[in-house]
Protein chains: 2
Amino acid sequence: MRYNLYPMFSFVQKLHSAARRNGSMLCIGLDPDPKLMPEMPVATFLCEIVEATKDLVCAYKPNLAFYEALGIDGWKALQQVIKVIPKDVVTIGDGKRGDIGNTSAAYAKAVFEVWGFDAATVAPYMGSDSVQPFIDYTDRGVLVLCRTSNKGGADFQDLVVGGRPLFEQVALKAKAWNLKGNIGLVTGTTQPVELKRVRELCPDMPLLLPGIGAQGGDLIASVRGGLDANGGGIIVNSSRETLYAAKGKDFAQASRKVAERLRGDIQRAAGR
Amino acid sequence: MRYNLYPMFSFVQKLHSAARRNGSMLCIGLDPDPKLMPEMPVATFLCEIVEATKDLVCAYKPNLAFYEALGIDGWKALQQVIKVIPKDVVTIGDGKRGDIGNTSAAYAKAVFEVWGFDAATVAPYMGSDSVQPFIDYTDRGVLVLCRTSNKGGADFQDLVVGGRPLFEQVALKAKAWNLKGNIGLVTGTTQPVELKRVRELCPDMPLLLPGIGAQGGDLIASVRGGLDANGGGIIVNSSRETLYAAKGKDFAQASRKVAERLRGDIQRAAGR
């Protein structure tokens, strides 16, 4: 019997096959904001977006904040959206969770068992035992915040500690925690130099790249700096730019057009 | 007209008057875990705990993880629990949230508007613009993670940067952000020396002190080190020890007994 370091159907394998099948490293952030949406139920809106784009992406990333802000109706909408995402496309529950061990175990249960996400984003500030309950789901992915795309990301992440900025220390810790091969890192496209540095430190870990579009990230430099040795390993997220491409009846087709363009831009930047 | 630095009914004022009225700096963590609970609906259990202890505490702190782990039924239980907490006792929505600006705004809306909490816990890793949307609710409290009670808290929080451990840098940043007087810090009782240091750096900010009981925190040293110049300003949290004092029919009275003892221990440690 062959020794399996990684579980049979790991997050990394699922991501790789979704990216190959759809020829895409694009992820669409499903972040419902009633102020930006056409006038219709949130679930209907999101399900139509998924229907119109599901052959163009490797992943969908619902950010849980936008569902929480809608109360219990928001969670009901999330249930409906998750149902319509094809089983072979990766789902990322973006909650940036983290707490003491038994509490993080409850968060991991929520994101992986209650909602059934393939991956979760987690915050590193509380350290190893706050991340471990997520890692223990060895068939799921754990995406640790490293260098985030927002302006305030510099406040602590760029502080130099032990000769390196904190975000590099986080990258190295996450690499050390990665005994089951199911950890990745979140590195914003607004900081392409830092992103490239993270890739150098962690050549094999998947990177989630937010920040293109509304946040002004550099798509081309980020894709080039973020690719792994096999020309993959990145998940480029677009939320507002794709989701709110139009407010009229043609909103889903408008989103599809943006997604097609972004998919192509990413492939070209990757030299494909 | 007098210039008001702080809003009329601020979080700090509400905390102070709840602590004075009930002669208590104790907070009970309402963290439902069906495995530890008597066999009954979650909401019934929590409502009975509140009913039995509401004259003994300054605050209740539902940790959102435990509700998320129960799916939509969990959120429905939270709705019921919040309803029975007396209006003059502080409620803390413990979610340790934090994300880019527009997403943190959605989290702040959820915790302050959808659920109506008086205060929220937030994670500092993503920096100022991830915390600001919470601070903007000037009548609510924002409790920033500083030195957490878990073992992994040392991984990053104790790293020395610019001549100080990171948790001190976080304390100083939070102090600088505190223009509206509505920010506090989370400092674990498992690290009483660090807790005392945080109080020295931030003499006027309320401190949430988790970690007594199951986590083995030092109650007496933490209370003594955490008090402000007026002999207050601390919220000492107990979750499992109080909540799961007994599993039989007398569970609520058993919780009350633990809460009474802890309230007394805290008052004595504070020299009252």
# chains A, B, ... in the order shown; residues from 1 in each chain; ligands from 1
>>> residues_around(residues="Ile72 in chain A", least_positions_apart="3", cutoff="12 Å", atoms="only C-alpha atoms", output="list of chain:residue names")
A:Phe66, A:Tyr67, A:Glu68, A:Ala69, A:Trp75, A:Lys76, A:Ala77, A:Leu78, A:Gln79, B:Tyr67, B:Glu68, B:Gly71, B:Ile72, B:Asp73, B:Gly74, B:Trp75, B:Lys76, B:Ala77, B:Leu78, B:Gln79, B:Ala110, B:Val114, B:Trp115
>>> select_by_dssp(residues="range 43-205 of chain B", states="helix (DSSP H, G or I)", output="PyMOL selection string")
chain B and resi 43-53+64-68+72-84+101-114+128-135+153-157+166-177+192-201
>>> residues_around(residues="Lys175 in chain B", least_positions_apart="6", cutoff="10 Å", atoms="only C-alpha atoms", output="PyMOL selection string")
chain B and resi 169+181+183-185+201-205
>>> write_last_selection(atoms="C-alpha atoms", output="JSON list (two decimals), in the first residue's frame")
[["chain", "number", "residue", "atom", "x", "y", "z"],
["B", 169, "GLN", "CA", 2.31, 47.88, 19.54],
["B", 181, "GLY", "CA", -13.34, 56.91, 23.77],
["B", 183, "ILE", "CA", -12.11, 51.27, 22.29],
["B", 184, "GLY", "CA", -11.01, 48.62, 24.76],
["B", 185, "LEU", "CA", -8.56, 45.74, 24.66],
["B", 201, "LEU", "CA", 0.23, 51.61, 28.52],
["B", 202, "CYS", "CA", -3.51, 52.28, 28.35],
["B", 203, "PRO", "CA", -4.60, 53.54, 31.77],
["B", 204, "ASP", "CA", -8.13, 54.54, 30.74],
["B", 205, "MET", "CA", -9.33, 51.89, 28.29]]
>>> select_by_dssp(residues="range 112-270 of chain A", states="strand (DSSP E or B)", output="JSON, numbers by chain")
{"A": [119, 120, 121, 122, 141, 142, 143, 144, 145, 146, 147, 160, 161, 164, 165, 183, 184, 185, 186, 187, 207, 208, 209, 234, 235, 236, 237, 238]}
>>> closest_residue(among="B:Cys58, B:Leu166, B:Ala52, B:Ala214", to="Gly101 in chain A", atoms="only C-alpha atoms")
B:Ala214
>>> atom_distance(atom1="CA of Ala254 in chain A", atom2="CA of Ile28 in chain A")
13.6 Å
>>> atom_distance(atom1="CA of Ser255 in chain A", atom2="CA of Ile49 in chain A")
7.0 Å
>>> residues_around(residues="Tyr60 in chain A", least_positions_apart="6", cutoff="7 Å", atoms="only C-alpha atoms", output="number ranges by chain")
A: 27-30, 90-92
>>> residues_around(residues="Asp250 in chain B", least_positions_apart="6", cutoff="12 Å", atoms="only C-alpha atoms", output="list in words")
Pro38, Phe45, Glu48, Ile49, Ala52, Tyr244, Arg256 and Lys257 of chain B
